Amino acid sequence: MTKTFKTDSRQMLGRLRDVMAEDAAGQARLDQITRLIAEEMRTEVCSIYLFRDEDTLELCATEGLNPQAVHETRLKLGEGLVGRVARKGQVVNTDDAPATKGFRFMPETGEEAYSSFMGVPIQRLGEKLGVLVVQSKQSRLFSEEEIYAVEVVAMVLAEMAELGAFVGEGAAMSARHQQAKLFRGTTVQEGTAQGHVWLHEPRVVVTNPIAEDPVRELERLHEAVETLRVGVDRMLSTAGGDKDQLEVLEAYRMFANSKGWMRRMEADIDSGLSAEAAVEKEQSAARARMNQVSDSYLRDRLHDLDDLSNRLLRILTGQGAETGAEMPSDPILIARNIGPAELLDYGRSLKGIVLEEGSVGSHAAIVARALAIPLVIHAARITTEALNGDPILVDGDQGLAHLRPDDAIVAAFRDKMAMQATAQERYASIRDKPATTRCGQTVKLKMNAGLMADLPSLESSGAEGVGLFRTELQFLIRSHMPKRAELSELYSRVMDAAKGQRVVFRTLDIGSDKVLPYMKATDEPNPAMGWRAIRVGLDKPGVMRMQLQALIRGAKGRHLSIMFPFVAQRSEFTAARAEMDKALERERILGHPLPVSIEVGAMLETPSLAFAPDDFYREVDFISIGGNDLKQFFFAADRENERVRKRYDTLNVSFLNFLEGIVYRCATTGTPLSFCGEDAGRPVEAACLTAIGFRTLSMRPASIGPVKSLLRRLDLGELRGVIHAERDSGAQSVRDAVMEHLRGKF
């Protein structure tokens, strides 16, 4: 009969608190802790393994195994039972370790004498720090009570590690938040920046993980949860009709009133944890589950629980957004994610932005591009590693963030920034010169914009007008529908700032990833190809008419250029233009001044429009190719999907042939044509676009200098010959040949 033992986790935590209170070095503390746990668990062995790097665990302390193995025994993630615990973030409990799948014999430790094995992950808010192991000679499974006791201790160890209690020699025991870290993410906005970390949501630090008075801790938890519930109810009572927002708040209320969640936290406190530590223990468990769940709905609900736990922790600790910390003079914003309104609040004070989440087409990305702030997304776990004030380098060109970089990295980075500054000086010298090629072709370079803050770049960049003004940003950053008078005033100020240069206003492009906070969201399996842009405008003509009237009034008798987004067939443009005519007639009847002249164009973002009847090309006043959307539909590759978005090349022969066909049709019908999008701002791509016939490109302001510099040194005839020769050879892409040609010339 297997003998069972009762473990008093509160007693074990009390002894652990005494150990932590002693003035001892990190190694001595760990050694004492392993002895303490072995005694309390009545096992011959207790070992603590900590990560020395992302893939390697190191034995840092042990009671019962060969002491010579400490700091010598190392395991790769997934290697042996210890590595299995670390990789999966789950408990392994077995009464016959040598016979358990994945067991690895390590003779230097002397562990072959021990049959029973229990390994528990040491993790904090989903971040894996190590593994706590107990072993015994007696063959037995550890009880649920014993597993729970060790999990509680592991959680406290994680908090103590966060506070630097186990600092010692070697990589595995080095001080946290002090080593240099490289984060690889995804580029959204190019550029480089050097500065210091500013956390959008300051981290909550639990400094008292072990409770001295469990009764008082329970009272504190109940008081904080009641405050939380009242806050959630208040948010629900003031929320608008947005379906997604209400769904999140209802999830908040469900979790805030969850008896199971409350019962688990009460049990954690009863075991000896403080109220804060109890909340964080449940939060860590939720994050661990979140990393393993593939179902998007369940992930969203676990994300809601994570957010709610953060709110509860801030109530308990008083560590809210206002921490008293002073924003550095060169802030690099670090966040899990951020909305456009919050980002605009920071404005141009930010030198760079690094997000754990986000997407290349998100609202935040649009604002970052408008403000010309380097932005990197998908920098996993940077919010758990970075601290306010940490030095950081952001390389938006490569999608990298160097946190606490060493001197060599800083020197190399500064050299790169100096080279970019020198290049900018060179671009400034040609700012007022035309983008005329060596063969005598002049290309108009225009800028994209979406905020009043963009407009100063019109003059400083050398742009010849605004080829795309995104009007949806003014809708996205508000909590309510903007009024016609507000929009009219804005559009008037945009035209004033342009000082007579042409501004092309794109009508409201919402839907897909751009969902208005006050508009009922639609549940679509593929929103990028769903109810968006002109489709929304035609189905909700009231919004379209209001915006068209605001544009007419904002023009104040001046020339007005408008284009409709995401036109897929002629009938959509015809219907939209009819709405324009109705708006003009209404304004005439009301006695408002009409534009002295008006152009109405369409964005070609779907392959279907390239094959529209010739009458469409004669009817439309101009066409602007929306390169970002067109490319994703042409290649059937979602630009939000990292697995495929970089798989297809703009300089693919098929795509260039397709674009050349559009150039030919527009030339035949006399339709003005431009290319707008990220590729227009990339010098090599821009050169190829001009070589196949584009004479107007629209891009972000910072790209105009580099593009103009290259175009002024090009002979388009020579480059066109290279492109056609490579196409005729059967090559899939002309990129390599074009790059070789450019290298030989410059």
# chains A, B, ... in the order shown; residues from 1 in each chain; ligands from 1

call {"tool": "residues_around", "arguments": {"residues": "A:Arg15", "least_positions_apart": "4", "cutoff": "12 Å", "atoms": "only C-alpha atoms", "output": "list of chain:residue names"}}
result
A:Asp8, A:Ser9, A:Arg10, A:Gln11, A:Val19, A:Met20, A:Ala21, A:Glu22, A:Gln32, A:Ile33, A:Thr34, A:Arg35, A:Leu36, A:Ile37, A:Glu39, A:Glu40, A:Val153, A:Ile210, A:Ala211, A:Glu212, A:Gly272

call {"tool": "write_last_selection", "arguments": {"atoms": "N, CA and C atoms", "output": "PDB file, in the first residue's frame"}}
result
ATOM      1  N   ASP A   8       1.545  20.892   4.340  1.00  0.00           N
ATOM      2  CA  ASP A   8       0.951  22.160   4.763  1.00  0.00           C
ATOM      3  C   ASP A   8       1.642  23.281   3.981  1.00  0.00           C
ATOM      4  N   SER A   9       0.971  23.740   2.897  1.00  0.00           N
ATOM      5  CA  SER A   9       1.600  24.749   2.045  1.00  0.00           C
ATOM      6  C   SER A   9       1.805  26.063   2.784  1.00  0.00           C
ATOM      7  N   ARG A  10       0.873  26.393   3.741  1.00  0.00           N
ATOM      8  CA  ARG A  10       1.028  27.642   4.481  1.00  0.00           C
ATOM      9  C   ARG A  10       2.274  27.596   5.359  1.00  0.00           C
ATOM     10  N   GLN A  11       2.491  26.430   5.976  1.00  0.00           N
ATOM     11  CA  GLN A  11       3.687  26.281   6.801  1.00  0.00           C
ATOM     12  C   GLN A  11       4.945  26.376   5.939  1.00  0.00           C
ATOM     13  N   VAL A  19      13.312  32.382   5.050  1.00  0.00           N
ATOM     14  CA  VAL A  19      14.550  32.237   4.274  1.00  0.00           C
ATOM     15  C   VAL A  19      14.797  33.482   3.426  1.00  0.00           C
ATOM     16  N   MET A  20      13.718  33.977   2.798  1.00  0.00           N
ATOM     17  CA  MET A  20      13.869  35.141   1.925  1.00  0.00           C
ATOM     18  C   MET A  20      14.247  36.386   2.722  1.00  0.00           C
ATOM     19  N   ALA A  21      13.881  36.426   3.994  1.00  0.00           N
ATOM     20  CA  ALA A  21      14.168  37.601   4.821  1.00  0.00           C
ATOM     21  C   ALA A  21      15.623  37.647   5.266  1.00  0.00           C
ATOM     22  N   GLU A  22      16.313  36.508   5.179  1.00  0.00           N
ATOM     23  CA  GLU A  22      17.716  36.470   5.615  1.00  0.00           C
ATOM     24  C   GLU A  22      18.606  37.190   4.613  1.00  0.00           C
ATOM     25  N   GLN A  32      19.183  26.777   0.387  1.00  0.00           N
ATOM     26  CA  GLN A  32      18.310  26.654   1.556  1.00  0.00           C
ATOM     27  C   GLN A  32      16.886  26.264   1.144  1.00  0.00           C
ATOM     28  N   ILE A  33      16.436  26.847   0.048  1.00  0.00           N
ATOM     29  CA  ILE A  33      15.067  26.588  -0.410  1.00  0.00           C
ATOM     30  C   ILE A  33      14.895  25.131  -0.827  1.00  0.00           C
ATOM     31  N   THR A  34      15.878  24.578  -1.516  1.00  0.00           N
ATOM     32  CA  THR A  34      15.755  23.164  -1.925  1.00  0.00           C
ATOM     33  C   THR A  34      15.726  22.252  -0.699  1.00  0.00           C
ATOM     34  N   ARG A  35      16.513  22.568   0.339  1.00  0.00           N
ATOM     35  CA  ARG A  35      16.501  21.756   1.569  1.00  0.00           C
ATOM     36  C   ARG A  35      15.143  21.865   2.254  1.00  0.00           C
ATOM     37  N   LEU A  36      14.635  23.100   2.303  1.00  0.00           N
ATOM     38  CA  LEU A  36      13.345  23.356   2.958  1.00  0.00           C
ATOM     39  C   LEU A  36      12.224  22.571   2.268  1.00  0.00           C
ATOM     40  N   ILE A  37      12.168  22.654   0.932  1.00  0.00           N
ATOM     41  CA  ILE A  37      11.086  21.987   0.191  1.00  0.00           C
ATOM     42  C   ILE A  37      11.188  20.474   0.348  1.00  0.00           C
ATOM     43  N   GLU A  39      12.365  18.824   2.845  1.00  0.00           N
ATOM     44  CA  GLU A  39      11.886  18.472   4.191  1.00  0.00           C
ATOM     45  C   GLU A  39      10.360  18.515   4.255  1.00  0.00           C
ATOM     46  N   GLU A  40       9.776  19.608   3.764  1.00  0.00           N
ATOM     47  CA  GLU A  40       8.325  19.768   3.846  1.00  0.00           C
ATOM     48  C   GLU A  40       7.582  18.738   2.983  1.00  0.00           C
ATOM     49  N   VAL A 153       4.526  27.156  -4.299  1.00  0.00           N
ATOM     50  CA  VAL A 153       5.918  27.518  -4.034  1.00  0.00           C
ATOM     51  C   VAL A 153       6.605  27.972  -5.323  1.00  0.00           C
ATOM     52  N   ILE A 210       3.867  36.370  -0.158  1.00  0.00           N
ATOM     53  CA  ILE A 210       3.480  35.476   0.939  1.00  0.00           C
ATOM     54  C   ILE A 210       2.686  36.250   1.979  1.00  0.00           C
ATOM     55  N   ALA A 211       1.530  35.700   2.354  1.00  0.00           N
ATOM     56  CA  ALA A 211       0.631  36.395   3.275  1.00  0.00           C
ATOM     57  C   ALA A 211       1.048  36.189   4.727  1.00  0.00           C
ATOM     58  N   GLU A 212       0.975  37.253   5.518  1.00  0.00           N
ATOM     59  CA  GLU A 212       1.186  37.124   6.963  1.00  0.00           C
ATOM     60  C   GLU A 212      -0.141  36.953   7.686  1.00  0.00           C
ATOM     61  N   GLY A 272      -1.542  30.330   1.715  1.00  0.00           N
ATOM     62  CA  GLY A 272      -0.442  31.158   2.204  1.00  0.00           C
ATOM     63  C   GLY A 272      -0.038  32.297   1.303  1.00  0.00           C
TER      64      GLY A 272
END

call {"tool": "select_by_dssp", "arguments": {"residues": "stretch 407-579 of chain A", "states": "strand (DSSP E)", "output": "PyMOL selection string"}}
result
chain A and resi 435-436+442-449+466-470+503-506+560-567

call {"tool": "residues_around", "arguments": {"residues": "A:Glu385", "least_positions_apart": "2", "cutoff": "12 Å", "atoms": "only C-alpha atoms", "output": "PyMOL selection string"}}
result
chain A and resi 124-125+127+162+175-183+197+199+202-203+334-335+356+379-383+387-388+390+392+402-404

call {"tool": "residues_around", "arguments": {"residues": "A:Ala702", "least_positions_apart": "6", "cutoff": "10 Å", "atoms": "only C-alpha atoms", "output": "list of chain:residue names"}}
result
A:Glu190, A:Gly191, A:Arg369, A:Ala372, A:Gln424, A:Tyr427, A:Met447, A:Ser457, A:Ser460, A:Ser461, A:Gly462, A:Ala463, A:Gly681

call {"tool": "select_by_dssp", "arguments": {"residues": "stretch 374-603 of chain A", "states": "alpha helix (DSSP H)", "output": "PyMOL selection string"}}
result
chain A and resi 382-385+407-429+456-460+473-476+484-498+534-539+541-555+570-590

call {"tool": "residues_around", "arguments": {"residues": "A:Met417", "least_positions_apart": "5", "cutoff": "10 Å", "atoms": "only C-alpha atoms", "output": "mmCIF file with N, CA and C atoms, in the first residue's frame"}}
result
data_model
loop_
_atom_site.group_PDB
_atom_site.id
_atom_site.type_symbol
_atom_site.label_atom_id
_atom_site.label_comp_id
_atom_site.auth_asym_id
_atom_site.auth_seq_id
_atom_site.Cartn_x
_atom_site.Cartn_y
_atom_site.Cartn_z
ATOM 1 N N GLY A 191 12.434 53.046 -40.599
ATOM 2 C CA GLY A 191 13.124 54.108 -39.882
ATOM 3 C C GLY A 191 13.866 53.539 -38.682
ATOM 4 N N THR A 192 14.760 54.320 -38.120
ATOM 5 C CA THR A 192 15.527 53.902 -36.952
ATOM 6 C C THR A 192 15.343 54.918 -35.834
ATOM 7 N N ALA A 193 15.437 54.430 -34.611
ATOM 8 C CA ALA A 193 15.281 55.324 -33.464
ATOM 9 C C ALA A 193 16.074 54.788 -32.290
ATOM 10 N N GLN A 194 16.679 55.695 -31.543
ATOM 11 C CA GLN A 194 17.397 55.364 -30.315
ATOM 12 C C GLN A 194 16.739 56.134 -29.186
ATOM 13 N N ASP A 395 14.970 49.247 -34.961
ATOM 14 C CA ASP A 395 15.330 49.203 -36.377
ATOM 15 C C ASP A 395 14.078 48.827 -37.155
ATOM 16 N N ALA A 411 27.186 51.330 -31.193
ATOM 17 C CA ALA A 411 28.100 51.994 -32.130
ATOM 18 C C ALA A 411 27.684 51.718 -33.575
ATOM 19 N N ALA A 412 27.366 50.441 -33.869
ATOM 20 C CA ALA A 412 26.960 50.084 -35.231
ATOM 21 C C ALA A 412 25.647 50.769 -35.600
ATOM 22 N N THR A 422 23.018 61.427 -43.346
ATOM 23 C CA THR A 422 23.767 61.944 -44.495
ATOM 24 C C THR A 422 22.941 61.825 -45.768
ATOM 25 N N ALA A 423 22.253 60.672 -45.895
ATOM 26 C CA ALA A 423 21.395 60.468 -47.069
ATOM 27 C C ALA A 423 20.262 61.488 -47.088
#

call {"tool": "atom_distance", "arguments": {"atom1": "atom CA of A:Val133", "atom2": "atom CA of A:Ser47"}}
result
5.1 Å

call {"tool": "atom_distance", "arguments": {"atom1": "atom CA of A:Gly260", "atom2": "atom CA of A:Ala158"}}
result
24.2 Å

call {"tool": "residues_around", "arguments": {"residues": "stretch 588-598 of chain A", "least_positions_apart": "6", "cutoff": "10 Å", "atoms": "only C-alpha atoms", "output": "list in words"}}
result
Leu551, Ile552, Arg553, Gly554, Ala555, Lys556, Gly557, Arg558, His559, Leu560, Ser561, Ile562, Lys582 and Asp621 of chain A

call {"tool": "closest_atom_pairs", "arguments": {"of": "stretch 79-177 of chain A", "to": "stretch 276-290 of chain A", "cutoff": "9 Å", "atoms": "only C-alpha atoms", "output": "tab-separated table"}}
result
residue	atom	partner	partner_atom	distance
A:Lys88	CA	A:Ala288	CA	8.9
A:Gly89	CA	A:Ala288	CA	6.9
A:Gln90	CA	A:Ala288	CA	8.8
A:Gln123	CA	A:Ser284	CA	7.2
A:Arg124	CA	A:Ser284	CA	5.8
A:Leu125	CA	A:Ser284	CA	4.1
A:Gly126	CA	A:Arg287	CA	5.1
A:Glu127	CA	A:Ser284	CA	8.3
A:Val152	CA	A:Lys281	CA	7.9
A:Met155	CA	A:Lys281	CA	6.6
A:Val156	CA	A:Ala277	CA	7.8
A:Glu159	CA	A:Ala277	CA	8.5

call {"tool": "write_last_selection", "arguments": {"atoms": "N, CA and C atoms", "output": "PDB file, in the first residue's frame"}}
result
ATOM      1  N   LYS A  88       6.141  22.238 -22.217  1.00  0.00           N
ATOM      2  CA  LYS A  88       4.684  22.241 -22.217  1.00  0.00           C
ATOM      3  C   LYS A  88       4.083  23.138 -21.145  1.00  0.00           C
ATOM      4  N   GLY A  89       4.907  23.544 -20.163  1.00  0.00           N
ATOM      5  CA  GLY A  89       4.375  24.361 -19.079  1.00  0.00           C
ATOM      6  C   GLY A  89       3.360  23.621 -18.240  1.00  0.00           C
ATOM      7  N   GLN A  90       3.499  22.290 -18.154  1.00  0.00           N
ATOM      8  CA  GLN A  90       2.552  21.458 -17.417  1.00  0.00           C
ATOM      9  C   GLN A  90       3.284  20.542 -16.449  1.00  0.00           C
ATOM     10  N   GLN A 123       6.904  29.715 -13.588  1.00  0.00           N
ATOM     11  CA  GLN A 123       6.555  30.666 -14.634  1.00  0.00           C
ATOM     12  C   GLN A 123       5.797  31.842 -14.051  1.00  0.00           C
ATOM     13  N   ARG A 124       5.945  32.961 -14.722  1.00  0.00           N
ATOM     14  CA  ARG A 124       5.286  34.194 -14.274  1.00  0.00           C
ATOM     15  C   ARG A 124       4.590  34.840 -15.450  1.00  0.00           C
ATOM     16  N   LEU A 125       3.272  34.917 -15.380  1.00  0.00           N
ATOM     17  CA  LEU A 125       2.464  35.522 -16.425  1.00  0.00           C
ATOM     18  C   LEU A 125       2.791  34.942 -17.800  1.00  0.00           C
ATOM     19  N   GLY A 126       2.922  33.608 -17.832  1.00  0.00           N
ATOM     20  CA  GLY A 126       3.174  32.928 -19.091  1.00  0.00           C
ATOM     21  C   GLY A 126       4.628  32.855 -19.485  1.00  0.00           C
ATOM     22  N   GLU A 127       5.502  33.577 -18.766  1.00  0.00           N
ATOM     23  CA  GLU A 127       6.930  33.551 -19.079  1.00  0.00           C
ATOM     24  C   GLU A 127       7.582  32.411 -18.306  1.00  0.00           C
ATOM     25  N   VAL A 152       2.269  26.324  -5.738  1.00  0.00           N
ATOM     26  CA  VAL A 152       2.239  27.581  -4.988  1.00  0.00           C
ATOM     27  C   VAL A 152       3.660  28.067  -4.724  1.00  0.00           C
ATOM     28  N   MET A 155       5.278  29.399  -7.840  1.00  0.00           N
ATOM     29  CA  MET A 155       4.802  30.734  -8.172  1.00  0.00           C
ATOM     30  C   MET A 155       5.561  31.790  -7.353  1.00  0.00           C
ATOM     31  N   VAL A 156       5.774  31.512  -6.071  1.00  0.00           N
ATOM     32  CA  VAL A 156       6.524  32.444  -5.221  1.00  0.00           C
ATOM     33  C   VAL A 156       7.972  32.556  -5.702  1.00  0.00           C
ATOM     34  N   GLU A 159       8.122  34.948  -8.539  1.00  0.00           N
ATOM     35  CA  GLU A 159       8.057  36.345  -8.093  1.00  0.00           C
ATOM     36  C   GLU A 159       9.394  36.788  -7.495  1.00  0.00           C
TER      37      GLU A 159
END

call {"tool": "residues_around", "arguments": {"residues": "A:Cys666", "least_positions_apart": "5", "cutoff": "10 Å", "atoms": "only C-alpha atoms", "output": "MDAnalysis selection string"}}
result
chainID A and resid 610 614 617:618 622:623 660:661 671:673

call {"tool": "decode", "arguments": {"residues": "stretch 339-406 of chain A", "atoms": "C-alpha atoms", "output": "PDB file, in the first residue's frame"}}
result
ATOM      1  CA  GLY A 339      -5.480  52.008 -30.406  1.00  0.00           C
ATOM      2  CA  PRO A 340      -5.210  54.948 -32.812  1.00  0.00           C
ATOM      3  CA  ALA A 341      -6.673  57.519 -30.394  1.00  0.00           C
ATOM      4  CA  GLU A 342      -4.221  56.541 -27.644  1.00  0.00           C
ATOM      5  CA  LEU A 343      -1.334  56.712 -30.105  1.00  0.00           C
ATOM      6  CA  LEU A 344      -2.410  60.141 -31.292  1.00  0.00           C
ATOM      7  CA  ASP A 345      -2.410  61.313 -27.668  1.00  0.00           C
ATOM      8  CA  TYR A 346       1.323  60.627 -27.597  1.00  0.00           C
ATOM      9  CA  GLY A 347       1.750  62.333 -30.968  1.00  0.00           C
ATOM     10  CA  ARG A 348       5.178  63.102 -32.354  1.00  0.00           C
ATOM     11  CA  SER A 349       6.776  62.943 -28.895  1.00  0.00           C
ATOM     12  CA  LEU A 350       7.470  59.253 -29.562  1.00  0.00           C
ATOM     13  CA  LYS A 351      10.707  58.256 -31.257  1.00  0.00           C
ATOM     14  CA  GLY A 352       9.587  54.701 -31.979  1.00  0.00           C
ATOM     15  CA  ILE A 353       6.969  52.048 -31.161  1.00  0.00           C
ATOM     16  CA  VAL A 354       7.339  48.327 -30.446  1.00  0.00           C
ATOM     17  CA  LEU A 355       4.230  46.154 -30.014  1.00  0.00           C
ATOM     18  CA  GLU A 356       3.798  42.515 -29.056  1.00  0.00           C
ATOM     19  CA  GLU A 357       0.675  42.234 -31.190  1.00  0.00           C
ATOM     20  CA  GLY A 358      -0.777  44.409 -33.952  1.00  0.00           C
ATOM     21  CA  SER A 359      -0.972  44.018 -37.719  1.00  0.00           C
ATOM     22  CA  VAL A 360       0.509  45.763 -40.749  1.00  0.00           C
ATOM     23  CA  GLY A 361      -2.889  47.235 -41.634  1.00  0.00           C
ATOM     24  CA  SER A 362      -4.072  48.147 -38.137  1.00  0.00           C
ATOM     25  CA  HIS A 363      -5.284  51.592 -37.111  1.00  0.00           C
ATOM     26  CA  ALA A 364      -2.125  52.064 -35.033  1.00  0.00           C
ATOM     27  CA  ALA A 365      -0.019  51.222 -38.078  1.00  0.00           C
ATOM     28  CA  ILE A 366      -1.838  53.840 -40.136  1.00  0.00           C
ATOM     29  CA  VAL A 367      -1.243  56.495 -37.466  1.00  0.00           C
ATOM     30  CA  ALA A 368       2.426  55.503 -37.037  1.00  0.00           C
ATOM     31  CA  ARG A 369       2.962  55.851 -40.777  1.00  0.00           C
ATOM     32  CA  ALA A 370       1.200  59.204 -40.751  1.00  0.00           C
ATOM     33  CA  LEU A 371       3.453  60.427 -37.946  1.00  0.00           C
ATOM     34  CA  ALA A 372       6.535  58.804 -39.570  1.00  0.00           C
ATOM     35  CA  ILE A 373       7.378  56.933 -36.346  1.00  0.00           C
ATOM     36  CA  PRO A 374       9.314  53.647 -36.743  1.00  0.00           C
ATOM     37  CA  LEU A 375       7.005  50.776 -35.768  1.00  0.00           C
ATOM     38  CA  VAL A 376       7.810  47.112 -35.141  1.00  0.00           C
ATOM     39  CA  ILE A 377       5.062  44.606 -34.289  1.00  0.00           C
ATOM     40  CA  HIS A 378       5.046  40.959 -33.162  1.00  0.00           C
ATOM     41  CA  ALA A 379       7.981  41.509 -30.761  1.00  0.00           C
ATOM     42  CA  ALA A 380       7.005  38.585 -28.539  1.00  0.00           C
ATOM     43  CA  ARG A 381       7.266  39.069 -24.763  1.00  0.00           C
ATOM     44  CA  ILE A 382       8.931  42.487 -24.875  1.00  0.00           C
ATOM     45  CA  THR A 383       6.429  43.896 -22.328  1.00  0.00           C
ATOM     46  CA  THR A 384       7.536  41.313 -19.753  1.00  0.00           C
ATOM     47  CA  GLU A 385      11.219  42.064 -20.314  1.00  0.00           C
ATOM     48  CA  ALA A 386      11.363  45.840 -20.724  1.00  0.00           C
ATOM     49  CA  LEU A 387      11.342  48.308 -17.831  1.00  0.00           C
ATOM     50  CA  ASN A 388      10.658  52.030 -17.936  1.00  0.00           C
ATOM     51  CA  GLY A 389      13.872  53.873 -18.744  1.00  0.00           C
ATOM     52  CA  ASP A 390      15.706  50.923 -20.319  1.00  0.00           C
ATOM     53  CA  PRO A 391      17.844  51.965 -23.308  1.00  0.00           C
ATOM     54  CA  ILE A 392      16.477  50.582 -26.577  1.00  0.00           C
ATOM     55  CA  LEU A 393      17.206  50.759 -30.288  1.00  0.00           C
ATOM     56  CA  VAL A 394      14.423  50.283 -32.856  1.00  0.00           C
ATOM     57  CA  ASP A 395      15.330  49.203 -36.377  1.00  0.00           C
ATOM     58  CA  GLY A 396      12.099  49.592 -38.313  1.00  0.00           C
ATOM     59  CA  ASP A 397      13.881  48.678 -41.552  1.00  0.00           C
ATOM     60  CA  GLN A 398      14.743  45.187 -40.313  1.00  0.00           C
ATOM     61  CA  GLY A 399      11.914  44.712 -37.793  1.00  0.00           C
ATOM     62  CA  LEU A 400      14.298  44.532 -34.816  1.00  0.00           C
ATOM     63  CA  ALA A 401      14.381  45.966 -31.304  1.00  0.00           C
ATOM     64  CA  HIS A 402      17.631  45.905 -29.301  1.00  0.00           C
ATOM     65  CA  LEU A 403      16.772  46.202 -25.596  1.00  0.00           C
ATOM     66  CA  ARG A 404      19.639  47.243 -23.315  1.00  0.00           C
ATOM     67  CA  PRO A 405      22.124  46.888 -26.210  1.00  0.00           C
ATOM     68  CA  ASP A 406      25.848  46.509 -25.639  1.00  0.00           C
TER      69      ASP A 406
END
